[in-house]
Amino acid sequence: MTAGTDAARSVSAQGQYAGSVSRFLGYAIDLAASSAVFALALAAISYVTKVVTGHEVSWNKGNAIVAVVFVAWEFAYFAYSWAASGRTFGMAVLGIRVVMADGAPVEPRRGVLRALVFPLSFLLCGLGFVGILVQRERRALHDLIAGTAVIYAWDARAARLRFLAR
Amino acid sequence: MVDDPRGPGVTILDHVDPLERLRSAGRRMTDPLETLAQGVAERVLDLIVNALDVNALVQRVDVNALVGRVDVNTLMRHVDVNALLDHVDVSALLGRADVNALLDRVDVGALLSRIDVNDLVGRVDLDTLVEQTDLGAIIAKSSGGAATEALDAARSQAVGLDQFIDRWAQRALRRKRPAPAGPPALLNGQAES
């Protein structure tokens with residue numbers, strides 16, 4: 001399949017419910033990015049602590065405080081991104097966006113609620129995500145609870161212009 | 001001597017006008033009188049004009065009522081505008097106009113606010129424009145860097161895989177009615193645009 005055909009197909013998909021691959025890839029990028037930022041922050045804190053106090057500080061996965069802070073950081077990352085703009089960094093890369101079920105821009109409190117109930121989809125052995133495949137509107141469990149949906153929202157018009165310019 | 005049947009008096013009157021003397025006397029009398037009357041009339045007119053306050057007279061004239069009685073359309077029908085314009089040296093007229101001063105008096109903001117730019121742009125067929133000009137190449141050069149193209153390609157591949165998986169899921173679920181493509185508000189918005 002040519003790149004031009006790909007661009008034309010994706011243009012027609014703008015505003016439609018996003019599928020499982022785009023959403024999974026977006027989440028994977030988010031997880032990698034947020035974890036990297038968290039690791040950098042821990043390294044920075046360790047370095048500052050060593051410079052100020054002279055003591056070496058090491059973090060391990062079994063540290064409860066680190067785990068709690070990591071969960072809080074992840075919640076803040078997703079909640080702020082969805083509440084502020086309806087998209088996280090990974091979603092922006094994949095060109096997808098969280099909207100209200102009727103297509104309106106997501107309300108901030110719905111964005112926060114989505115981040116709160118997001119772990120539920122994991123806790124039920126990942127069954128919460130099956131909705132993306134079988135639900136008519138491709139809504140996962142956390143989408144159904146928060147009253148949201150995920151759509152393709154990337155700049156398809158610019159892609160079309162590039163496609164025509166080839 | 002031949003006898004005239006009309007009588008001797010009538011024959012004399014053929015050669016002599018008895019009223020000629022009276023007329024001559026009358027002319028001598030009327031010519032100076034006419035000159036005198038003309039002089040008197042001129043003098044009187046001078047006195048009247050000098051005594052007349054023209055400004056006060058003009059103030060008493062209702063110019064609006066006067067103009068209101070003029071049928072401008074009828075007047076204009078009698079005017080050959082083309083012939084009039086032939087006499088006008090437009091170049092000389094424009095040479096006398098201070099265009100900068102004129103433009104300074106134009107409120108460009110108010111002018112632009114009266115223009116519906118969205119409607120104007122909406123009339124432009126962008127696809128045709130891009131196909132017929134080098135605008136597409138310019139856009140491709142300005143926004144179509146390697147990173148953007150790679151991102152577009154990755155997104156397009158993801159969309160393709162999404163649709164592939166969705167088709168198989170729909171077959172496995174044996175759905176007869178197709179699922180909605182997207183939220184109603186967004187799909188309606190696309191239809192309008």
# chains A, B, ... in the order shown; residues from 1 in each chain; ligands from 1
$ select_by_dssp --residues "range 45-181 of chain B" --states "alpha helix (DSSP H)" --output "PyMOL selection string"
chain B and resi 45-51+54-59+63-68+72-77+81-86+90-96+99-104+108-113+117-122+126-132+135-143+146-173
$ atom_distance --atom1 "CA of Asp30 in chain A" --atom2 "CA of Pro108 in chain A"
19.3 Å
$ residues_around --residues "Val71 in chain A" --least-positions-apart "2" --cutoff "12 Å" --atoms "only C-alpha atoms" --output "number ranges by chain"
A: 31, 34-35, 38, 64-69, 73-79, 115-116, 119
$ select_by_dssp --residues "chain A" --states "strand (DSSP E)" --output "list in words"
Ile96, Arg97, Val98, Val99, Met100, Thr148, Ala149, Val150, Ile151 and Tyr152 of chain A
$ atom_distance --atom1 "CA of Ile132 in chain A" --atom2 "CA of Phe70 in chain A"
26.6 Å
$ closest_residue --among "A:Gly54, A:Gly90, A:Gly26, A:Gly103" --to "chain B" --atoms "only C-alpha atoms"
A:Gly103
$ atom_distance --atom1 "CA of Val159 in chain B" --atom2 "CA of Leu94 in chain A"
9.3 Å
